[in-house]
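A short worksheet on the structure shown next.
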Amino acid sequence: MVEQKQPKSEMTAHGVIKMHLSDEGLSLIKKFEGCPTKGGLAVPYKCQAGVLTIGYGHTRTVQPHDKWTMEHASYILKEEIEEEYEPYINDLVTVPLHQNQFDALVAWVFNLGPTNFKNSTMIQVLNQADYEGVPYQMKRWNKVNGQVSDGLIRRREAEALLFEGKSWEHV
(Lines give C-alpha, C1' and ligand atoms only; values in the text may rest on other atoms or scores of the structure.)
Protein backbone atom coordinates (compact mmCIF):
# COMPACT_ATOMS: atom_id res chain seq x y z
CA MET A 1 0.00 0.00 0.00
CA VAL A 2 1.21 3.51 -0.83
CA GLU A 3 1.82 5.76 2.15
CA GLN A 4 -0.98 8.26 2.76
CA LYS A 5 0.12 11.74 1.84
CA GLN A 6 -0.46 14.72 4.06
CA PRO A 7 -3.17 17.15 3.03
CA LYS A 8 -2.06 20.23 1.11
CA SER A 9 -4.54 22.72 2.49
CA GLU A 10 -5.23 26.23 3.72
CA MET A 11 -7.70 27.76 6.10
CA THR A 12 -10.47 29.93 4.71
CA ALA A 13 -11.88 32.99 6.47
CA HIS A 14 -14.53 30.71 7.98
CA GLY A 15 -11.99 28.26 9.41
CA VAL A 16 -12.72 25.52 6.85
CA ILE A 17 -9.78 23.67 5.34
CA LYS A 18 -9.51 23.93 1.56
CA MET A 19 -7.51 21.21 -0.11
CA HIS A 20 -5.61 21.55 -3.37
CA LEU A 21 -4.60 19.02 -6.00
CA SER A 22 -1.12 17.53 -5.53
CA ASP A 23 1.42 16.84 -8.25
CA GLU A 24 0.40 13.17 -8.17
CA GLY A 25 -3.24 14.05 -8.87
CA LEU A 26 -2.15 16.37 -11.66
CA SER A 27 -0.04 13.54 -13.15
CA LEU A 28 -3.05 11.22 -13.21
CA ILE A 29 -5.19 13.80 -14.98
CA LYS A 30 -2.47 14.57 -17.53
CA LYS A 31 -1.86 10.88 -18.21
CA PHE A 32 -5.50 10.12 -19.01
CA GLU A 33 -6.45 13.41 -20.67
CA GLY A 34 -3.43 13.40 -22.92
CA CYS A 35 -2.38 16.43 -24.92
CA PRO A 36 -2.04 15.84 -28.66
CA THR A 37 0.70 17.92 -30.22
CA LYS A 38 2.01 18.87 -33.61
CA GLY A 39 5.44 20.42 -33.91
CA GLY A 40 5.69 20.64 -30.12
CA LEU A 41 2.46 22.63 -29.78
CA ALA A 42 -0.86 21.47 -28.34
CA VAL A 43 -3.46 21.28 -31.09
CA PRO A 44 -7.26 20.81 -31.09
CA TYR A 45 -8.73 17.31 -31.25
CA LYS A 46 -12.09 15.68 -30.71
CA CYS A 47 -12.38 13.75 -27.47
CA GLN A 48 -14.20 10.39 -27.20
CA ALA A 49 -17.47 12.25 -26.74
CA GLY A 50 -16.88 14.20 -29.96
CA VAL A 51 -16.17 17.56 -28.28
CA LEU A 52 -13.47 19.86 -29.72
CA THR A 53 -10.71 19.96 -27.10
CA ILE A 54 -7.20 21.37 -26.68
CA GLY A 55 -4.48 20.86 -24.12
CA TYR A 56 -5.39 18.62 -21.23
CA GLY A 57 -9.15 18.43 -21.64
CA HIS A 58 -9.93 22.12 -22.19
CA THR A 59 -13.19 22.45 -24.13
CA ARG A 60 -14.29 26.07 -23.85
CA THR A 61 -13.59 28.60 -26.60
CA VAL A 62 -11.59 26.09 -28.66
CA GLN A 63 -11.17 26.94 -32.34
CA PRO A 64 -10.07 24.35 -34.94
CA HIS A 65 -6.81 26.19 -35.73
CA ASP A 66 -5.74 27.00 -32.15
CA LYS A 67 -2.19 26.15 -31.06
CA TRP A 68 -0.85 26.31 -27.51
CA THR A 69 2.57 25.89 -26.01
CA MET A 70 2.83 22.97 -23.60
CA GLU A 71 3.47 25.47 -20.81
CA HIS A 72 0.19 27.21 -21.62
CA ALA A 73 -1.67 23.87 -21.71
CA SER A 74 -0.33 23.05 -18.22
CA TYR A 75 -1.15 26.53 -16.95
CA ILE A 76 -4.75 26.35 -18.20
CA LEU A 77 -5.21 22.89 -16.68
CA LYS A 78 -3.98 24.03 -13.26
CA GLU A 79 -6.07 27.20 -13.40
CA GLU A 80 -9.26 25.31 -14.34
CA ILE A 81 -8.70 22.73 -11.61
CA GLU A 82 -8.12 25.35 -8.93
CA GLU A 83 -10.95 27.65 -9.95
CA GLU A 84 -13.59 25.18 -11.14
CA TYR A 85 -13.05 21.65 -9.85
CA GLU A 86 -11.36 21.78 -6.44
CA PRO A 87 -14.19 23.92 -5.02
CA TYR A 88 -16.77 21.21 -5.76
CA ILE A 89 -14.86 18.68 -3.70
CA ASN A 90 -14.14 21.18 -0.93
CA ASP A 91 -17.80 22.27 -0.81
CA LEU A 92 -19.67 18.98 -1.28
CA VAL A 93 -17.57 16.50 0.70
CA THR A 94 -18.49 16.60 4.37
CA VAL A 95 -16.03 13.99 5.70
CA PRO A 96 -12.24 14.25 6.15
CA LEU A 97 -10.08 13.31 3.19
CA HIS A 98 -6.46 12.29 2.76
CA GLN A 99 -4.59 14.00 -0.07
CA ASN A 100 -4.75 10.91 -2.31
CA GLN A 101 -8.53 10.72 -1.87
CA PHE A 102 -8.96 14.39 -2.71
CA ASP A 103 -6.75 13.97 -5.78
CA ALA A 104 -8.76 10.99 -7.04
CA LEU A 105 -12.03 12.89 -6.59
CA VAL A 106 -10.72 15.96 -8.43
CA ALA A 107 -9.56 13.75 -11.32
CA TRP A 108 -12.99 12.09 -11.44
CA VAL A 109 -14.86 15.41 -11.39
CA PHE A 110 -12.52 16.92 -13.99
CA ASN A 111 -13.44 14.11 -16.36
CA LEU A 112 -17.15 13.74 -15.58
CA GLY A 113 -18.18 17.19 -14.46
CA PRO A 114 -19.52 18.65 -11.24
CA THR A 115 -23.18 17.92 -11.99
CA ASN A 116 -22.48 14.20 -12.21
CA PHE A 117 -20.53 14.40 -8.96
CA LYS A 118 -23.24 16.35 -7.14
CA ASN A 119 -25.95 13.91 -8.27
CA SER A 120 -23.93 10.71 -7.88
CA THR A 121 -24.40 7.87 -5.46
CA MET A 122 -20.64 8.17 -4.90
CA ILE A 123 -20.94 11.48 -3.02
CA GLN A 124 -23.69 10.01 -0.87
CA VAL A 125 -21.56 6.96 -0.08
CA LEU A 126 -18.52 9.13 0.67
CA ASN A 127 -20.44 11.55 2.89
CA GLN A 128 -21.63 8.55 4.93
CA ALA A 129 -17.91 7.91 5.59
CA ASP A 130 -18.06 4.69 3.58
CA TYR A 131 -14.56 5.18 2.17
CA GLU A 132 -14.35 1.54 1.09
CA GLY A 133 -17.47 1.93 -1.06
CA VAL A 134 -16.13 4.88 -3.07
CA PRO A 135 -13.82 2.96 -5.47
CA TYR A 136 -16.73 0.77 -6.61
CA GLN A 137 -18.85 3.87 -7.18
CA MET A 138 -16.05 5.52 -9.18
CA LYS A 139 -15.69 2.51 -11.47
CA ARG A 140 -19.39 2.53 -12.39
CA TRP A 141 -18.82 5.64 -14.56
CA ASN A 142 -17.17 3.95 -17.53
CA LYS A 143 -19.33 4.89 -20.51
CA VAL A 144 -19.13 7.43 -23.33
CA ASN A 145 -22.44 8.10 -25.08
CA GLY A 146 -23.88 4.94 -23.49
CA GLN A 147 -21.03 2.66 -24.59
CA VAL A 148 -18.46 1.12 -22.23
CA SER A 149 -15.05 2.66 -22.92
CA ASP A 150 -11.80 0.75 -22.34
CA GLY A 151 -10.06 4.07 -21.72
CA LEU A 152 -12.57 5.01 -19.02
CA ILE A 153 -12.29 1.56 -17.44
CA ARG A 154 -8.54 2.20 -17.11
CA ARG A 155 -9.01 5.76 -15.89
CA ARG A 156 -11.59 4.76 -13.26
CA GLU A 157 -9.30 1.95 -12.09
CA ALA A 158 -6.42 4.43 -11.68
CA GLU A 159 -8.66 6.90 -9.81
CA ALA A 160 -9.94 4.11 -7.54
CA LEU A 161 -6.40 2.93 -6.79
CA LEU A 162 -5.29 6.49 -6.03
CA PHE A 163 -8.31 6.94 -3.75
CA GLU A 164 -7.23 3.80 -1.88
CA GLY A 165 -3.67 5.08 -1.59
CA LYS A 166 -2.28 2.43 -3.92
CA SER A 167 0.00 2.68 -6.92
CA TRP A 168 -1.96 3.57 -10.07
CA GLU A 169 0.80 4.40 -12.57
CA HIS A 170 0.81 0.90 -14.08
CA VAL A 171 -2.83 1.16 -15.22
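Here's how to read the names in the C-alpha coordinates: chain A, B, ... by the order shown, residue numbers from 1 in each chain, ligand numbers from 1 in the order shown.
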Neighbouring residues of Pro44 of chain A were defined as those with any atom within 8 Å, considering only C-alpha atoms; residues of the same chain fewer than 4 positions away were excluded. Please report them as a VMD selection string.
chain A and resid 36 52 to 55 62 to 67
Can you pull out the residues contacting segment 119-136 of chain A? Cut-off 8 Å, using only C-alpha atoms, and skip same-chain residues under 2 positions away; I want them as a list in words.
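The residues that qualify are Leu92, Val93, Thr94, Val95, Thr115, Asn116, Phe117, Met138, Lys139, Arg140, Glu159, Ala160, Leu161, Phe163 and Glu164 of chain A.
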Selected residue, from A:Asn111, A:Gln137, A:Ser167, A:Ser74, that lies nearest to Ala49 of chain A when counting only C-alpha atoms
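The shortest atom-to-atom distance to Ala49 of chain A comes from A:Asn111.
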Residues flagged strand (DSSP E) by DSSP in chain A, as JSON, numbers by chain:
{"A": [9, 10, 11, 17, 18, 19, 37, 38, 41, 42, 45, 46, 52, 53, 143, 144, 147, 148]}
Need to verify the contact set: Ala104 of chain A, 12 Å, only C-alpha atoms, exclusion of same-chain residues closer than 6 positions in sequence. Can you return it as a PyMOL selection string?
chain A and resi 20-29+85-86+89+97-98+110-111+134-135+138-139+155-166+168
Those of segment 7-113 of chain A in DSSP alpha helix (DSSP H), formatted as a PyMOL selection string:
chain A and resi 23-33+70-80+86-92+99-112
Nearest to Trp108 of chain A among A:Leu41, A:Glu33, A:Trp68, A:Glu79, with distances taken over only C-alpha atoms: which residue is it?
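Closest to Trp108 of chain A, using only C-alpha atoms: A:Glu33.
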Atom pair atom CA of Met70 of chain A / atom CA of Gly39 of chain A: separation (Å)
10.9 Å
Report, in Å to a single decimal, how far apart atom CA of Gln147 of chain A and atom CA of Asn100 of chain A are.
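Computed distance, atom CA of Asn100 of chain A to atom CA of Gln147 of chain A, equals 28.8 Å.
Of note, atom CA of Phe102 of chain A and atom CA of Val144 of chain A are spaced 24.0 Å apart.
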